[in-house]
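Asker: Sharing protein15.json below, JSON, C-alpha atoms:
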```json
[["chain", "number", "residue", "atom", "x", "y", "z"],
["A", 817, "MET", "CA", 130.22, 142.40, 169.82],
["A", 818, "PRO", "CA", 129.09, 142.93, 173.45],
["A", 819, "GLN", "CA", 131.42, 141.56, 176.08],
["A", 820, "HIS", "CA", 130.44, 138.82, 178.49],
["A", 821, "ILE", "CA", 129.39, 140.03, 181.94],
["A", 822, "ASP", "CA", 132.30, 138.18, 183.55],
["A", 823, "THR", "CA", 134.76, 139.87, 181.18],
["A", 824, "ARG", "CA", 133.34, 143.31, 181.93],
["A", 825, "TYR", "CA", 133.56, 142.68, 185.67],
["A", 826, "GLU", "CA", 137.14, 141.41, 185.50],
["A", 827, "THR", "CA", 138.11, 144.37, 183.29],
["A", 828, "ALA", "CA", 136.63, 146.83, 185.79],
["A", 829, "ILE", "CA", 138.48, 145.18, 188.68],
["A", 830, "ALA", "CA", 141.77, 145.22, 186.77],
["A", 831, "ARG", "CA", 141.39, 148.89, 185.82],
["A", 832, "ARG", "CA", 140.43, 149.84, 189.37],
["A", 833, "ASP", "CA", 143.53, 148.15, 190.76],
["A", 834, "ARG", "CA", 145.76, 149.63, 188.07],
["A", 835, "TRP", "CA", 144.56, 153.20, 188.68],
["A", 836, "ALA", "CA", 144.79, 152.71, 192.45],
["A", 837, "ALA", "CA", 148.41, 151.59, 192.11],
["A", 838, "ALA", "CA", 149.13, 154.60, 189.92],
["A", 839, "ALA", "CA", 147.53, 156.92, 192.49],
["A", 840, "ALA", "CA", 149.65, 155.45, 195.27],
["A", 841, "LYS", "CA", 152.77, 155.94, 193.17],
["A", 842, "HIS", "CA", 151.91, 159.59, 192.49],
["A", 843, "ARG", "CA", 151.16, 160.20, 196.20],
["A", 844, "GLU", "CA", 154.56, 158.80, 197.08],
["A", 845, "ALA", "CA", 156.21, 161.05, 194.50],
["A", 846, "GLN", "CA", 154.25, 164.02, 195.85],
["A", 847, "ALA", "CA", 155.48, 163.40, 199.38],
["A", 848, "LYS", "CA", 159.11, 163.15, 198.24],
["A", 849, "ARG", "CA", 158.89, 166.35, 196.20],
["A", 850, "GLU", "CA", 157.24, 168.27, 199.05],
["A", 851, "ALA", "CA", 159.99, 167.10, 201.38],
["A", 852, "ALA", "CA", 162.58, 168.31, 198.86],
["A", 853, "GLY", "CA", 160.86, 171.68, 198.54],
["A", 854, "LYS", "CA", 159.85, 171.17, 194.91],
["A", 855, "VAL", "CA", 156.43, 172.76, 195.16],
["A", 856, "ALA", "CA", 155.60, 172.90, 191.45],
["A", 857, "LEU", "CA", 156.51, 169.27, 190.85],
["A", 858, "ALA", "CA", 154.65, 168.24, 194.00],
["A", 859, "LYS", "CA", 151.54, 169.97, 192.66],
["A", 860, "LEU", "CA", 151.81, 168.05, 189.39],
["A", 861, "SER", "CA", 152.09, 164.78, 191.31],
["A", 862, "GLN", "CA", 149.05, 165.76, 193.39],
["A", 863, "GLU", "CA", 146.98, 166.45, 190.27],
["A", 864, "ALA", "CA", 148.04, 163.14, 188.72],
["A", 865, "ALA", "CA", 147.19, 161.32, 191.96],
["A", 866, "ASP", "CA", 143.76, 162.98, 192.15],
["A", 867, "LYS", "CA", 143.05, 162.01, 188.56],
["A", 868, "ALA", "CA", 144.16, 158.41, 189.13],
["A", 869, "GLU", "CA", 142.05, 158.14, 192.29],
["A", 870, "ALA", "CA", 139.03, 159.44, 190.39],
["A", 871, "HIS", "CA", 139.50, 156.79, 187.72],
["A", 872, "ALA", "CA", 140.00, 154.09, 190.34],
["A", 873, "LYS", "CA", 136.81, 155.19, 192.11],
["A", 874, "ALA", "CA", 134.81, 155.17, 188.86],
["A", 875, "HIS", "CA", 135.99, 151.68, 187.92],
["A", 876, "GLY", "CA", 135.38, 150.49, 191.47],
["A", 877, "GLN", "CA", 131.79, 151.72, 191.27],
["A", 878, "GLU", "CA", 131.41, 149.93, 187.93],
["A", 879, "ALA", "CA", 132.74, 146.72, 189.50],
["A", 880, "ASP", "CA", 130.32, 147.08, 192.42],
["A", 881, "ARG", "CA", 127.45, 147.57, 189.97],
["A", 882, "LEU", "CA", 128.39, 144.47, 187.98],
["A", 883, "ALA", "CA", 129.07, 142.22, 190.99],
["A", 884, "PRO", "CA", 125.39, 141.23, 191.60],
["A", 885, "MET", "CA", 124.94, 140.52, 187.89],
["A", 886, "VAL", "CA", 128.01, 138.30, 187.87],
["A", 887, "GLN", "CA", 126.73, 136.45, 190.93],
["A", 888, "ARG", "CA", 123.36, 135.86, 189.28],
["A", 889, "ALA", "CA", 125.01, 134.70, 186.05],
["A", 890, "GLN", "CA", 127.21, 132.26, 187.94],
["A", 891, "THR", "CA", 124.18, 130.91, 189.79],
["A", 892, "VAL", "CA", 122.27, 130.41, 186.54],
["A", 893, "ARG", "CA", 125.24, 128.69, 184.92],
["A", 894, "ARG", "CA", 125.60, 126.36, 187.87],
["A", 895, "GLN", "CA", 121.90, 125.54, 187.76],
["A", 896, "ASN", "CA", 122.17, 124.80, 184.05],
["A", 897, "GLU", "CA", 125.18, 122.56, 184.66],
["A", 898, "LEU", "CA", 123.33, 120.64, 187.36],
["A", 899, "ALA", "CA", 120.30, 120.28, 185.09],
["A", 900, "ALA", "CA", 122.50, 119.03, 182.25],
["A", 901, "GLU", "CA", 124.21, 116.55, 184.57],
["A", 902, "ALA", "CA", 120.81, 115.33, 185.74],
["A", 903, "ARG", "CA", 119.60, 114.87, 182.16],
["A", 904, "LEU", "CA", 122.77, 113.00, 181.27],
["A", 905, "ALA", "CA", 122.41, 110.75, 184.32],
["A", 906, "ARG", "CA", 118.79, 109.97, 183.41],
["A", 907, "ALA", "CA", 119.79, 109.19, 179.83],
["A", 908, "MET", "CA", 122.58, 106.88, 180.99],
["A", 909, "ASP", "CA", 120.25, 105.13, 183.43],
["A", 910, "LEU", "CA", 117.70, 104.68, 180.66],
["A", 911, "ALA", "CA", 120.34, 103.28, 178.33],
["A", 912, "ALA", "CA", 121.57, 100.90, 181.03],
["A", 913, "ALA", "CA", 118.02, 99.76, 181.74],
["A", 914, "THR", "CA", 117.38, 98.97, 178.08],
["A", 915, "PRO", "CA", 117.71, 95.17, 177.81],
["A", 916, "HIS", "CA", 118.93, 95.19, 174.21],
["A", 917, "PRO", "CA", 119.46, 97.72, 171.42],
["A", 918, "VAL", "CA", 116.61, 98.60, 169.13],
["A", 919, "SER", "CA", 116.35, 95.94, 166.46],
["A", 920, "LEU", "CA", 116.49, 96.85, 162.79],
["A", 921, "SER", "CA", 113.67, 96.17, 160.43],
["A", 922, "ALA", "CA", 113.87, 93.16, 158.14],
["A", 923, "LYS", "CA", 114.37, 95.42, 155.12],
["A", 924, "GLU", "CA", 117.24, 97.27, 156.80],
["A", 925, "GLN", "CA", 118.87, 94.01, 157.84],
["A", 926, "ARG", "CA", 118.71, 92.72, 154.25],
["A", 927, "ARG", "CA", 120.23, 95.94, 152.95],
["A", 928, "LEU", "CA", 123.12, 95.83, 155.43],
["A", 929, "ALA", "CA", 123.70, 92.15, 154.69],
["A", 930, "LYS", "CA", 123.91, 92.86, 150.95],
["A", 931, "GLU", "CA", 126.36, 95.70, 151.51],
["A", 932, "GLN", "CA", 128.55, 93.52, 153.70],
["A", 933, "GLU", "CA", 128.39, 90.71, 151.14],
["A", 934, "LYS", "CA", 129.46, 93.13, 148.41],
["A", 935, "ARG", "CA", 132.40, 94.38, 150.49],
["A", 936, "ASP", "CA", 133.50, 90.83, 151.24],
["A", 937, "ARG", "CA", 133.26, 89.88, 147.57],
["A", 938, "LEU", "CA", 135.34, 92.87, 146.48],
["A", 939, "ALA", "CA", 137.92, 92.10, 149.15],
["A", 940, "GLN", "CA", 138.18, 88.49, 147.99],
["A", 941, "GLN", "CA", 138.56, 89.60, 144.38],
["A", 942, "GLY", "CA", 141.30, 92.02, 145.39],
["A", 943, "GLN", "CA", 143.13, 89.34, 147.34],
["A", 944, "ALA", "CA", 142.87, 86.90, 144.43],
["A", 945, "GLN", "CA", 144.24, 89.50, 142.00],
["A", 946, "ARG", "CA", 147.02, 90.29, 144.43],
["A", 947, "LYS", "CA", 148.02, 86.64, 144.65],
["A", 948, "ARG", "CA", 148.07, 86.35, 140.85],
["A", 949, "ASP", "CA", 150.30, 89.41, 140.58],
["A", 950, "GLU", "CA", 152.64, 88.07, 143.26],
["A", 951, "LYS", "CA", 152.87, 84.74, 141.49],
["A", 952, "ALA", "CA", 153.62, 86.45, 138.18],
["A", 953, "ALA", "CA", 156.36, 88.49, 139.88],
["A", 954, "GLY", "CA", 157.84, 85.40, 141.52],
["A", 955, "VAL", "CA", 156.99, 86.51, 145.05],
["A", 956, "ASP", "CA", 156.40, 83.80, 147.64],
["A", 957, "HIS", "CA", 154.26, 85.73, 150.11],
["A", 958, "ASP", "CA", 154.54, 84.44, 153.66],
["A", 959, "PRO", "CA", 153.06, 86.75, 156.32],
["A", 960, "ARG", "CA", 155.12, 84.98, 158.99],
["A", 961, "THR", "CA", 158.31, 86.50, 157.61],
["A", 962, "ALA", "CA", 159.46, 90.12, 157.84],
["A", 963, "ALA", "CA", 159.23, 90.47, 154.07],
["A", 964, "GLY", "CA", 155.68, 89.17, 154.09],
["A", 965, "GLN", "CA", 154.65, 91.82, 156.60],
["A", 966, "ARG", "CA", 155.73, 94.72, 154.40],
["A", 967, "GLU", "CA", 153.94, 96.67, 151.72],
["A", 968, "ILE", "CA", 155.01, 95.31, 148.33],
["A", 969, "GLN", "CA", 154.35, 97.08, 145.05],
["A", 970, "ILE", "CA", 154.18, 95.08, 141.83],
["A", 971, "ARG", "CA", 154.77, 96.82, 138.54],
["A", 972, "GLY", "CA", 155.17, 95.95, 134.92],
["A", 973, "PRO", "CA", 153.09, 94.24, 132.23],
["A", 974, "ALA", "CA", 151.39, 90.92, 132.80],
["A", 975, "VAL", "CA", 154.25, 88.97, 131.23],
["A", 976, "ASP", "CA", 157.04, 90.76, 133.10],
["A", 977, "LYS", "CA", 155.93, 91.84, 136.56],
["A", 978, "ARG", "CA", 158.46, 92.89, 139.17],
["A", 979, "ALA", "CA", 158.06, 93.36, 142.91],
["A", 980, "SER", "CA", 159.76, 95.87, 145.19],
["A", 981, "LEU", "CA", 159.22, 97.55, 148.52],
["A", 982, "ALA", "CA", 156.67, 100.34, 148.34],
["A", 983, "ASP", "CA", 158.04, 103.85, 148.03],
["A", 984, "TYR", "CA", 156.52, 106.88, 149.69],
["A", 985, "ALA", "CA", 153.87, 107.31, 147.01],
["A", 986, "ASN", "CA", 152.72, 103.69, 147.10],
["A", 987, "LEU", "CA", 152.38, 103.74, 150.87],
["A", 988, "ILE", "CA", 149.27, 105.81, 150.09],
["A", 989, "HIS", "CA", 146.91, 103.54, 148.19],
["A", 990, "ARG", "CA", 144.72, 106.05, 146.36],
["A", 991, "GLN", "CA", 146.49, 108.15, 143.77],
["A", 992, "THR", "CA", 144.27, 111.17, 144.46],
["A", 993, "ASP", "CA", 145.56, 111.21, 148.05],
["A", 994, "ARG", "CA", 149.22, 111.35, 146.99],
["A", 995, "THR", "CA", 149.66, 115.09, 147.26],
["A", 996, "PRO", "CA", 153.15, 116.66, 147.26],
["A", 997, "PRO", "CA", 152.90, 117.90, 150.88],
["A", 998, "ARG", "CA", 152.03, 114.40, 152.07],
["A", 999, "LEU", "CA", 154.88, 112.76, 150.17],
["A", 1000, "LEU", "CA", 157.34, 115.37, 151.41],
["A", 1001, "ALA", "CA", 156.09, 114.90, 154.98],
["A", 1002, "LEU", "CA", 156.69, 111.14, 154.70],
["A", 1003, "GLU", "CA", 160.21, 111.73, 153.42],
["A", 1004, "ARG", "CA", 161.07, 114.21, 156.17],
["A", 1005, "PHE", "CA", 159.65, 111.96, 158.87],
["A", 1006, "ASP", "CA", 161.63, 109.00, 157.52],
["A", 1007, "GLN", "CA", 164.89, 110.92, 157.35],
["A", 1008, "LEU", "CA", 164.44, 112.53, 160.76],
["A", 1009, "TRP", "CA", 163.61, 109.21, 162.42],
["A", 1010, "HIS", "CA", 166.67, 107.48, 160.98],
["A", 1011, "ARG", "CA", 168.96, 110.32, 161.97],
["A", 1012, "ALA", "CA", 167.56, 110.24, 165.50],
["A", 1013, "HIS", "CA", 167.99, 106.46, 165.85],
["A", 1014, "ALA", "CA", 171.25, 105.99, 163.97],
["A", 1015, "GLY", "CA", 173.26, 103.15, 165.50],
["A", 1016, "GLN", "CA", 170.31, 101.54, 167.27],
["A", 1017, "PHE", "CA", 168.88, 99.40, 164.47],
["A", 1018, "PRO", "CA", 170.46, 96.77, 162.19],
["A", 1019, "ASN", "CA", 170.03, 98.74, 158.96],
["A", 1020, "PRO", "CA", 170.19, 102.48, 159.64],
["A", 1021, "ARG", "CA", 169.68, 104.40, 156.43],
["A", 1022, "PHE", "CA", 171.61, 107.45, 157.51],
["A", 1023, "GLU", "CA", 174.38, 105.99, 159.65],
["A", 1024, "ARG", "CA", 177.16, 108.45, 160.38],
["A", 1025, "GLY", "CA", 180.79, 107.45, 160.13],
["A", 1026, "VAL", "CA", 182.64, 106.46, 163.29],
["A", 1027, "ASP", "CA", 184.80, 109.25, 164.68],
["A", 1028, "THR", "CA", 187.94, 107.47, 165.90],
["A", 1029, "SER", "CA", 189.57, 110.72, 167.00],
["A", 1030, "ARG", "CA", 187.37, 110.88, 170.08],
["A", 1031, "LYS", "CA", 188.51, 109.07, 173.17],
["A", 1032, "ILE", "CA", 185.16, 109.28, 174.94],
["A", 1033, "GLY", "CA", 182.10, 108.00, 173.13],
["A", 1034, "GLY", "CA", 178.94, 110.02, 173.13],
["A", 1035, "VAL", "CA", 175.88, 111.07, 171.21],
["A", 1036, "SER", "CA", 176.57, 113.16, 168.12],
["A", 1037, "ASP", "CA", 175.14, 116.65, 167.94],
["A", 1038, "ASP", "CA", 173.17, 115.70, 164.83],
["A", 1039, "ARG", "CA", 171.53, 112.76, 166.55],
["A", 1040, "ALA", "CA", 170.84, 114.72, 169.73],
["A", 1041, "GLU", "CA", 169.12, 117.45, 167.74],
["A", 1042, "SER", "CA", 167.20, 114.84, 165.72],
["A", 1043, "LEU", "CA", 166.02, 113.15, 168.91],
["A", 1044, "ARG", "CA", 164.66, 116.47, 170.12],
["A", 1045, "LEU", "CA", 162.94, 117.16, 166.79],
["A", 1046, "ILE", "CA", 161.40, 113.69, 166.55],
["A", 1047, "GLY", "CA", 160.15, 114.14, 170.10],
["A", 1048, "ASP", "CA", 158.47, 117.38, 169.02],
["A", 1049, "VAL", "CA", 156.76, 115.51, 166.18],
["A", 1050, "LYS", "CA", 155.47, 112.85, 168.56],
["A", 1051, "ALA", "CA", 154.20, 115.46, 171.01],
["A", 1052, "ARG", "CA", 152.44, 117.34, 168.20],
["A", 1053, "ILE", "CA", 150.69, 114.48, 166.39],
["A", 1054, "GLY", "CA", 150.14, 112.09, 169.32],
["A", 1055, "GLU", "CA", 151.55, 108.67, 170.10],
["A", 1056, "GLU", "CA", 148.95, 106.71, 168.09],
["A", 1057, "PHE", "CA", 149.62, 108.64, 164.88],
["A", 1058, "PHE", "CA", 153.35, 108.38, 165.56],
["A", 1059, "ALA", "CA", 153.09, 104.60, 166.00],
["A", 1060, "ILE", "CA", 151.13, 104.24, 162.76],
["A", 1061, "LEU", "CA", 153.80, 106.20, 160.89],
["A", 1062, "PHE", "CA", 156.48, 104.03, 162.49],
["A", 1063, "HIS", "CA", 154.86, 100.78, 161.37],
["A", 1064, "ARG", "CA", 153.94, 102.08, 157.94],
["A", 1065, "VAL", "CA", 156.91, 104.26, 156.96],
["A", 1066, "ILE", "CA", 159.85, 102.93, 158.95],
["A", 1067, "ASN", "CA", 159.00, 99.22, 158.93],
["A", 1068, "GLY", "CA", 156.94, 99.28, 155.73],
["A", 1069, "HIS", "CA", 154.20, 97.15, 157.26],
["A", 1070, "SER", "CA", 151.02, 96.59, 155.30],
["A", 1071, "PHE", "CA", 147.62, 97.52, 156.66],
["A", 1072, "SER", "CA", 146.56, 93.87, 156.59],
["A", 1073, "TRP", "CA", 149.47, 92.87, 158.82],
["A", 1074, "MET", "CA", 148.78, 95.76, 161.19],
["A", 1075, "ALA", "CA", 145.14, 94.68, 161.37],
["A", 1076, "SER", "CA", 146.21, 91.11, 162.14],
["A", 1077, "GLN", "CA", 148.14, 92.46, 165.14],
["A", 1078, "GLY", "CA", 145.01, 93.99, 166.63],
["A", 1079, "MET", "CA", 145.71, 97.60, 165.64],
["A", 1080, "GLY", "CA", 142.29, 98.03, 164.05],
["A", 1081, "GLU", "CA", 140.57, 97.39, 160.76],
["A", 1082, "SER", "CA", 142.49, 97.97, 157.55],
["A", 1083, "GLU", "CA", 140.09, 100.66, 156.35],
["A", 1084, "ARG", "CA", 140.32, 102.55, 159.63],
["A", 1085, "LEU", "CA", 144.11, 102.29, 159.64],
["A", 1086, "GLY", "CA", 144.18, 103.80, 156.16],
["A", 1087, "VAL", "CA", 142.16, 106.78, 157.33],
["A", 1088, "LEU", "CA", 144.32, 107.23, 160.43],
["A", 1089, "PHE", "CA", 147.46, 106.98, 158.30],
["A", 1090, "LEU", "CA", 146.35, 109.88, 156.11],
["A", 1091, "ALA", "CA", 145.41, 111.89, 159.19],
["A", 1092, "ALA", "CA", 148.84, 111.20, 160.69],
["A", 1093, "ILE", "CA", 150.54, 112.34, 157.49],
["A", 1094, "ASP", "CA", 148.49, 115.55, 157.42],
["A", 1095, "ALA", "CA", 149.31, 116.27, 161.07],
["A", 1096, "THR", "CA", 153.00, 115.70, 160.37],
["A", 1097, "ALA", "CA", 152.86, 117.93, 157.30],
["A", 1098, "ARG", "CA", 151.30, 120.71, 159.36],
["A", 1099, "HIS", "CA", 154.03, 120.28, 161.97],
["A", 1100, "PHE", "CA", 156.71, 120.69, 159.30],
["A", 1101, "GLY", "CA", 154.87, 123.68, 157.85],
["A", 1102, "LEU", "CA", 154.00, 121.90, 154.61],
["A", 1103, "ARG", "CA", 150.24, 122.32, 154.91],
["A", 1104, "GLU", "CA", 147.92, 125.05, 156.06],
["A", 1105, "ARG", "CA", 146.48, 124.83, 159.53],
["A", 1106, "SER", "CA", 143.37, 122.75, 160.04],
["A", 1107, "ARG", "CA", 140.15, 124.61, 159.31],
["A", 1108, "ALA", "CA", 138.70, 123.24, 162.56],
["A", 1109, "VAL", "CA", 141.55, 124.82, 164.55],
["A", 1110, "GLU", "CA", 141.17, 128.16, 162.77],
["A", 1111, "ALA", "CA", 137.40, 128.21, 163.37],
["A", 1112, "MET", "CA", 137.91, 127.41, 167.06],
["A", 1113, "GLU", "CA", 140.48, 130.19, 167.52],
["A", 1114, "GLN", "CA", 138.27, 132.70, 165.72],
["A", 1115, "GLN", "CA", 135.34, 131.85, 167.97],
["A", 1116, "VAL", "CA", 137.45, 132.00, 171.14],
["A", 1117, "SER", "CA", 139.05, 135.32, 170.19],
["A", 1118, "ALA", "CA", 135.65, 136.82, 169.37],
["A", 1119, "ALA", "CA", 134.12, 135.77, 172.70]]
```
Output the file's structure as structure tokens, nothing else.
Answerer:
Amino acid sequence: MPQHIDTRYETAIARRDRWAAAAAKHREAQAKREAAGKVALAKLSQEAADKAEAHAKAHGQEADRLAPMVQRAQTVRRQNELAAEARLARAMDLAAATPHPVSLSAKEQRRLAKEQEKRDRLAQQGQAQRKRDEKAAGVDHDPRTAAGQREIQIRGPAVDKRASLADYANLIHRQTDRTPPRLLALERFDQLWHRAHAGQFPNPRFERGVDTSRKIGGVSDDRAESLRLIGDVKARIGEEFFAILFHRVINGHSFSWMASQGMGESERLGVLFLAAIDATARHFGLRERSRAVEAMEQQVSAA
């Protein structure tokens, strides 16, 4: 694949400077050997210096030949950037001058209304079934309480239903999305978070015993290392994904409660939750790298 003109120019400059430095080094060695009376070695240094200077001259000529081309390419790129900025500015001005968005046709409006009505009907049916299951399990759901804000799973036959807090698998609603790497990523995130924050919350799951032999209190090595690791997770996946995992995994909050707190729609939160799990799994080395990242790196390396 042919190299970009800028890359060829920079390569020529780098090679010219490298050979020039080598020539200067050989000239210095030649002078020292001549002063010491080492004629044969001085001659070898002279030949090496002459060869290095020839290479430096050749690459310098190549750089001089490419310099006008690079200048023209930079000028064209700048002109293209200015033209693109001008087109974008005109498009934004046109959008701002538009008094209202383009209206949909009557047929399209009816279709969208029917789809929304169907979604609302399915949501109402799901809520009604959920309430019947909660009643059969003896659950008094009150979203104002901490228990009412959490994801509850109800199991068992119709005559003997039982409710419990959702485990890792049931935090993911669709069974097809409950892959082993995702479940393992949830477990590792949960354990790492509790080790990092042991002693800071009312019910730490992995609280370490109190070491009474120490006279000076401090942070345990395990917790210090866990704080560093959980910080790496947050830096890798981003604060929004990290917050979604916190609400969903650590606190066990339901998507409906998260939506009621202004965090977004339930459907969108479900998608973001899966994306956060996948990012965490990749951080822990449980999943392959994203295809988008691999494609980007291949294109950049081939440029």
Asker: I want to know what sits within 8 Å of stretch 1048-1054 of chain A, based on all atoms listed in the file, with residues of the same chain fewer than 5 positions away left out; could you give that as a PDB file with C-alpha atoms, keeping the file's coordinate frame?
Answerer:
```pdb
ATOM      1  CA  ALA A1092     148.840 111.200 160.690  1.00  0.00           C
ATOM      2  CA  ALA A1095     149.310 116.270 161.070  1.00  0.00           C
ATOM      3  CA  THR A1096     153.000 115.700 160.370  1.00  0.00           C
ATOM      4  CA  HIS A1099     154.030 120.280 161.970  1.00  0.00           C
TER       5      HIS A1099
END
```
Asker: Skip A:Ile988 itself and residues of its chain fewer than 4 positions away, then list as a list in words all residues within 9 Å of it, counting all atoms listed in the file.
Answerer: Tyr984, Asp993, Arg994, Leu999, Gly1086, Phe1089 and Leu1090 of chain A
Asker: Set the distance at 7 Å and use only C-alpha atoms: which residues neighbour stretch 858-868 of chain A once local chain neighbours fewer than 2 positions away are removed? I'd like the list as a ChimeraX atom specification.
Answerer: /A:835-836,838-839,842-843,845-846,849-850,854-856,870-872
Asker: How far is it from atom CA of A:Ala1001 to atom CA of A:Ala1097, in Å with one decimal?
Answerer: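 Separation between atom CA of A:Ala1001 and atom CA of A:Ala1097: 5.0 Å.
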Asker: Between A:Ala874, A:Ala851, A:Leu1043, A:Leu882, which is the closest to A:His820 once you count all atoms listed in the file?
Answerer: A:Leu882
Asker: Provide the atom CA of A:Val1065 to atom CA of A:Pro996 distance in Å, to one decimal place.
Answerer: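 Between atom CA of A:Val1065 and atom CA of A:Pro996 the gap works out to 16.2 Å.
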